[in-house]
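Asker: Following this message is one structure expressed as structure tokens.
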Protein chains: 2
Amino acid sequence: MTSQASADSTRDRIVAAATAEFSRYGIAGARIARIAKAAKTSTERVYAYFGSKEELYRFVSGRELAAVAEATRMDPTDLPAYAGRVHDYFAAHPERYRLMAWGRLELGDTERAADDPIRQTVAHKTEQLRKAQEAGQLDPAWGPLDILVLVNQIAASWADQPDIAAAGIERDTFLTARREAIVTAVERLFPAQRPA
Amino acid sequence: MTSQASADSTRDRIVAAATAEFSRYGIAGARIARIAKAAKTSTERVYAYFGSKEELYRFVSGRELAAVAEATRMDPTDLPAYAGRVHDYFAAHPERYRLMAWGRLELGDTERAADDPIRQTVAHKTEQLRKAQEAGQLDPAWGPLDILVLVNQIAASWADQPDIAAAGIERDTFLTARREAIVTAVERLFPAQRPA
């Protein structure tokens, strides 16, 4: 193995260990020593790669944000199907929803710069929605930011409350029924454009 | 002051200090020593009243849950107005939304017993919705739990992302426009029963 390949693989292990640690404990609760141990490296190497615990969190949560966007692909002409994909993604990966949720609680307003990945994603998606409105594919009476936030909220209805499920119902059966309600709700608000 | 009045007032100060501390730092991040100092008492007194940090969190978050329910009064015959009140409540008290949000992240499924206040509130509200469906006031095609969760998700759209607001827009102006979108969305899904 070349030394570059070795460095890459250490860095990858740090990122994987940090993702698991932050998802479980949040930013304040995460311990760089535990991340280093799980990644089979030293705390010094972790700091050498990422500078600080908060920078490491920003890196792994930005990476996860890109992974969600890639896996769920928002299509302004079929928002009900997009909402279904978001639901499926977090039903399959509840720990990834947790990873993002800690950042919303622990990082304040003032710390979110203009180049923040969340701000950039929101700007990109609202622009997609605005263009669909101009093209007559979505009701122009809604603000594009309202459409984005409403669809995401509805889609994530069950992402952070897996434990509300009635006792005795199997988790997959329960979540499949909830998915239908989510897709129906988004269809009523923002109907998909069906080919004529 | 009698000794009972003195005890009550110490306990009240602990509850107020704990509410602020948990809202800011979460459960793991909260420090009993800071709570005791802010409440002008000792850590021993805090433990004597509440047993543990987690029990203290459960007490203050249960109290807050009751306060939200009281302030927003869910009316199954007018869910759009209810959603507007939930939005208003958290716009005015973002720290109270944070207080509840930490519990969703930090307390796992297994720790939520049948007598948990959140479970009890959900059971009570779904029963109210089910009765309204039986009385022909709400579309019976929806599951009552879906109605409850969808309305709450839509109503809380802006409760945990105050920083998404476009730069340069005054917060109250921004949130008033978002409130209109919330009420409109709930009206489309679950129309209020208007007197004939």
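Letters A, B, ... go to the chains of the structure tokens in the order shown; residues in each chain start at 1; ligands are counted from 1 in the same order.
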With 9 Å as the cut-off and only C-alpha atoms counted, what is the closest atom pair between each nearby residue of chain A and chain B? Distances in Å to one decimal, ordered by chain and number, as CSV.

Answerer:
```
residue,atom,partner,partner_atom,distance
A:Arg24,CA,B:Glu106,CA,8.6
A:Tyr25,CA,B:Glu106,CA,7.9
A:Gly26,CA,B:Leu105,CA,8.8
A:Ala28,CA,B:Gly29,CA,6.8
A:Gly29,CA,B:Ala28,CA,6.9
A:Arg98,CA,B:Leu105,CA,6.9
A:Ala101,CA,B:Leu105,CA,7.9
A:Trp102,CA,B:Leu105,CA,7.7
A:Arg104,CA,B:Asp160,CA,7.0
A:Leu105,CA,B:Arg98,CA,7.0
A:Glu106,CA,B:Tyr25,CA,7.9
A:Gly108,CA,B:Asp163,CA,8.2
A:Asp109,CA,B:Asp163,CA,5.2
A:Thr110,CA,B:Asp163,CA,8.2
A:Arg112,CA,B:Asp163,CA,7.9
A:Ile118,CA,B:Ile164,CA,8.8
A:Arg119,CA,B:Ile164,CA,7.1
A:Val122,CA,B:Ile164,CA,8.3
A:Trp142,CA,B:Ala181,CA,7.3
A:Gly143,CA,B:Ala181,CA,8.1
A:Asp146,CA,B:Ala181,CA,6.6
A:Ile147,CA,B:Ala181,CA,8.7
A:Val149,CA,B:Ser157,CA,6.5
A:Leu150,CA,B:Ile154,CA,6.2
A:Val151,CA,B:Ile154,CA,8.9
A:Asn152,CA,B:Ser157,CA,8.9
A:Gln153,CA,B:Gln153,CA,5.7
A:Ile154,CA,B:Leu150,CA,6.2
A:Ala156,CA,B:Gln153,CA,8.3
A:Ser157,CA,B:Gln153,CA,6.3
A:Trp158,CA,B:Val149,CA,8.3
A:Asp160,CA,B:Arg104,CA,6.9
A:Gln161,CA,B:Arg104,CA,7.1
A:Pro162,CA,B:Asp109,CA,7.4
A:Asp163,CA,B:Asp109,CA,5.2
A:Ile164,CA,B:Arg119,CA,7.1
A:Arg178,CA,B:Asp146,CA,6.9
A:Ala181,CA,B:Asp146,CA,6.6
A:Ile182,CA,B:Leu150,CA,7.9
A:Ala185,CA,B:Leu189,CA,6.8
A:Arg188,CA,B:Leu189,CA,6.9
A:Leu189,CA,B:Ala185,CA,6.8
```

Asker: I need the alpha helix (DSSP H) residues of region 10-196 of chain B per DSSP on the backbone, written as number ranges by chain.

Answerer: B: 10-29, 32-38, 43-50, 53-72, 79-92, 94-106, 117-134, 144-155, 171-189

Asker: Just how far from CA of Leu148 (chain B) is CA of Ala83 (chain B), in Å to one decimal?

Answerer: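 Separation of CA of Ala83 (chain B) and CA of Leu148 (chain B): 10.4 Å.
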
Asker: Need the shell around region 40-46 of chain B: protein/DNA/RNA residues with any atom at most 8 Å away, counting only C-alpha atoms. Skip same-chain ones fewer than 4 positions apart. Format as a CSV table (one decimal) with N, CA, C and O atoms, in the first residue's frame?

Answerer:
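result-v9.csv written:
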```
chain,number,residue,atom,x,y,z
B,10,THR,N,-38.2,27.0,46.5
B,10,THR,CA,-36.9,26.4,46.0
B,10,THR,C,-37.2,25.5,44.9
B,10,THR,O,-36.5,25.5,43.9
B,13,ARG,N,-37.9,27.3,41.7
B,13,ARG,CA,-36.7,27.9,41.1
B,13,ARG,C,-35.8,26.8,40.4
B,13,ARG,O,-35.2,27.1,39.4
B,14,ILE,N,-35.8,25.6,41.0
B,14,ILE,CA,-35.1,24.5,40.4
B,14,ILE,C,-35.7,24.2,39.0
B,14,ILE,O,-35.0,24.0,38.0
B,32,ILE,N,-26.1,19.7,36.6
B,32,ILE,CA,-26.9,19.9,37.9
B,32,ILE,C,-26.3,21.1,38.7
B,32,ILE,O,-27.0,21.8,39.3
B,33,ALA,N,-24.9,21.2,38.7
B,33,ALA,CA,-24.3,22.3,39.4
B,33,ALA,C,-24.7,23.6,38.9
B,33,ALA,O,-25.0,24.5,39.7
B,35,ILE,N,-27.6,24.3,37.4
B,35,ILE,CA,-29.0,24.4,37.7
B,35,ILE,C,-29.1,24.8,39.2
B,35,ILE,O,-29.8,25.8,39.5
B,36,ALA,N,-28.3,24.2,40.1
B,36,ALA,CA,-28.4,24.5,41.5
B,36,ALA,C,-28.0,26.0,41.7
B,36,ALA,O,-28.6,26.7,42.5
B,50,PHE,N,-35.5,15.6,42.9
B,50,PHE,CA,-35.8,15.0,41.6
B,50,PHE,C,-35.1,13.7,41.4
B,50,PHE,O,-35.3,13.1,40.3
B,51,GLY,N,-34.2,13.3,42.3
B,51,GLY,CA,-33.6,12.0,42.1
B,51,GLY,C,-32.4,11.9,41.2
B,51,GLY,O,-31.3,11.5,41.5
```

Asker: So that I can see what lies close to region 61-66 of chain A, please list as a compact mmCIF listing (two decimals) with all heavy atoms, in the first residue's frame the residues with an atom at most 10 Å from it, counting only C-alpha atoms and leaving out residues fewer than 6 positions away in the same chain.

Answerer:
```
# COMPACT_ATOMS: atom_id res chain seq x y z
N VAL A 15 -13.78 9.17 9.18
CA VAL A 15 -15.10 9.68 8.76
C VAL A 15 -16.19 8.69 9.15
O VAL A 15 -17.24 9.07 9.68
CB VAL A 15 -15.11 9.95 7.24
CG1 VAL A 15 -16.52 10.21 6.74
CG2 VAL A 15 -14.21 11.15 6.92
N ALA A 18 -16.58 8.75 12.94
CA ALA A 18 -17.18 10.02 13.38
C ALA A 18 -18.67 10.05 13.07
O ALA A 18 -19.47 10.55 13.87
CB ALA A 18 -16.48 11.20 12.69
N THR A 19 -19.07 9.50 11.92
CA THR A 19 -20.48 9.47 11.56
C THR A 19 -21.28 8.68 12.61
O THR A 19 -22.32 9.14 13.09
CB THR A 19 -20.66 8.84 10.16
OG1 THR A 19 -19.90 9.63 9.22
CG2 THR A 19 -22.11 8.82 9.73
N PHE A 22 -21.15 10.76 16.15
CA PHE A 22 -22.02 11.95 16.19
C PHE A 22 -23.49 11.57 16.14
O PHE A 22 -24.32 12.20 16.78
CB PHE A 22 -21.69 12.88 15.01
CG PHE A 22 -20.41 13.65 15.18
CD1 PHE A 22 -19.41 13.59 14.21
CD2 PHE A 22 -20.21 14.46 16.28
CE1 PHE A 22 -18.23 14.32 14.35
CE2 PHE A 22 -19.03 15.20 16.44
CZ PHE A 22 -18.04 15.12 15.46
N SER A 23 -23.82 10.54 15.35
CA SER A 23 -25.21 10.12 15.26
C SER A 23 -25.72 9.67 16.63
O SER A 23 -26.83 10.00 17.03
CB SER A 23 -25.33 8.97 14.26
OG SER A 23 -26.63 8.45 14.30
N GLU A 55 -15.49 21.03 13.28
CA GLU A 55 -15.18 20.94 11.84
C GLU A 55 -15.42 19.52 11.34
O GLU A 55 -15.91 19.31 10.23
CB GLU A 55 -13.74 21.36 11.56
CG GLU A 55 -13.53 22.86 11.57
CD GLU A 55 -12.05 23.21 11.42
OE1 GLU A 55 -11.48 22.96 10.34
OE2 GLU A 55 -11.46 23.70 12.41
N ARG A 96 -29.05 8.30 10.28
CA ARG A 96 -28.63 9.43 9.46
C ARG A 96 -29.51 10.65 9.72
O ARG A 96 -29.07 11.78 9.59
CB ARG A 96 -28.66 9.05 7.98
CG ARG A 96 -27.67 7.92 7.70
CD ARG A 96 -27.53 7.61 6.24
NE ARG A 96 -26.74 6.39 6.08
CZ ARG A 96 -26.55 5.77 4.93
NH1 ARG A 96 -27.09 6.25 3.82
NH2 ARG A 96 -25.81 4.69 4.86
N TYR A 97 -30.78 10.40 10.06
CA TYR A 97 -31.63 11.53 10.45
C TYR A 97 -31.11 12.13 11.76
O TYR A 97 -31.02 13.35 11.91
CB TYR A 97 -33.08 11.09 10.60
CG TYR A 97 -34.00 12.26 10.81
CD1 TYR A 97 -34.51 12.96 9.72
CD2 TYR A 97 -34.33 12.69 12.09
CE1 TYR A 97 -35.34 14.05 9.91
CE2 TYR A 97 -35.16 13.78 12.28
CZ TYR A 97 -35.65 14.45 11.18
OH TYR A 97 -36.46 15.55 11.36
N LEU A 99 -28.07 12.14 12.86
CA LEU A 99 -26.83 12.87 12.61
C LEU A 99 -27.13 14.34 12.26
O LEU A 99 -26.48 15.26 12.76
CB LEU A 99 -26.06 12.20 11.46
CG LEU A 99 -24.75 12.87 11.06
CD1 LEU A 99 -23.69 12.67 12.13
CD2 LEU A 99 -24.25 12.34 9.73
N MET A 100 -28.12 14.56 11.37
CA MET A 100 -28.47 15.91 10.96
C MET A 100 -29.21 16.67 12.07
O MET A 100 -29.04 17.87 12.23
CB MET A 100 -29.37 15.89 9.72
CG MET A 100 -28.97 14.90 8.64
SD MET A 100 -27.45 15.36 7.82
CE MET A 100 -28.05 16.73 6.82
N ALA A 101 -30.04 15.94 12.82
CA ALA A 101 -30.89 16.59 13.83
C ALA A 101 -30.05 17.23 14.95
O ALA A 101 -30.38 18.30 15.45
CB ALA A 101 -31.88 15.58 14.42
N TRP A 102 -28.95 16.59 15.32
CA TRP A 102 -28.08 17.18 16.35
C TRP A 102 -27.58 18.55 15.90
O TRP A 102 -27.52 19.49 16.70
CB TRP A 102 -26.87 16.28 16.63
CG TRP A 102 -27.17 15.00 17.33
CD1 TRP A 102 -27.15 13.75 16.78
CD2 TRP A 102 -27.48 14.81 18.72
NE1 TRP A 102 -27.45 12.81 17.74
CE2 TRP A 102 -27.64 13.42 18.93
CE3 TRP A 102 -27.63 15.68 19.81
CZ2 TRP A 102 -27.97 12.88 20.19
CZ3 TRP A 102 -27.95 15.14 21.05
CH2 TRP A 102 -28.11 13.77 21.23
N GLY A 103 -27.21 18.67 14.65
CA GLY A 103 -26.68 19.95 14.15
C GLY A 103 -27.72 21.06 14.27
O GLY A 103 -27.39 22.19 14.62
N ASP A 116 -22.66 27.62 3.99
CA ASP A 116 -23.09 26.41 4.67
C ASP A 116 -23.80 25.49 3.68
O ASP A 116 -24.63 25.94 2.89
CB ASP A 116 -24.06 26.84 5.80
CG ASP A 116 -24.64 25.65 6.54
OD1 ASP A 116 -24.01 25.23 7.51
OD2 ASP A 116 -25.70 25.15 6.13
N PRO A 117 -23.50 24.17 3.72
CA PRO A 117 -24.12 23.25 2.76
C PRO A 117 -25.65 23.22 2.84
O PRO A 117 -26.32 23.06 1.82
CB PRO A 117 -23.55 21.88 3.15
CG PRO A 117 -22.39 22.14 4.02
CD PRO A 117 -22.53 23.50 4.60
N ILE A 118 -26.23 23.38 4.05
CA ILE A 118 -27.69 23.36 4.16
C ILE A 118 -28.28 24.56 3.43
O ILE A 118 -29.21 24.44 2.64
CB ILE A 118 -28.14 23.33 5.64
CG1 ILE A 118 -27.75 21.98 6.25
CG2 ILE A 118 -29.66 23.55 5.74
CD1 ILE A 118 -28.14 21.80 7.70
N THR A 121 -28.02 23.94 -0.32
CA THR A 121 -29.01 22.97 -0.78
C THR A 121 -30.40 23.60 -0.87
O THR A 121 -31.13 23.39 -1.84
CB THR A 121 -29.05 21.76 0.19
OG1 THR A 121 -27.75 21.18 0.23
CG2 THR A 121 -30.04 20.71 -0.28
```

Asker: For region 135-137 of chain B, list every protein, DNA or RNA residue within 12 Å, evaluated using only C-alpha atoms, and leave out those in the same chain fewer than 5 positions away; present the list as a ChimeraX atom specification.

Answerer: /B:75-79,128-130,190-195
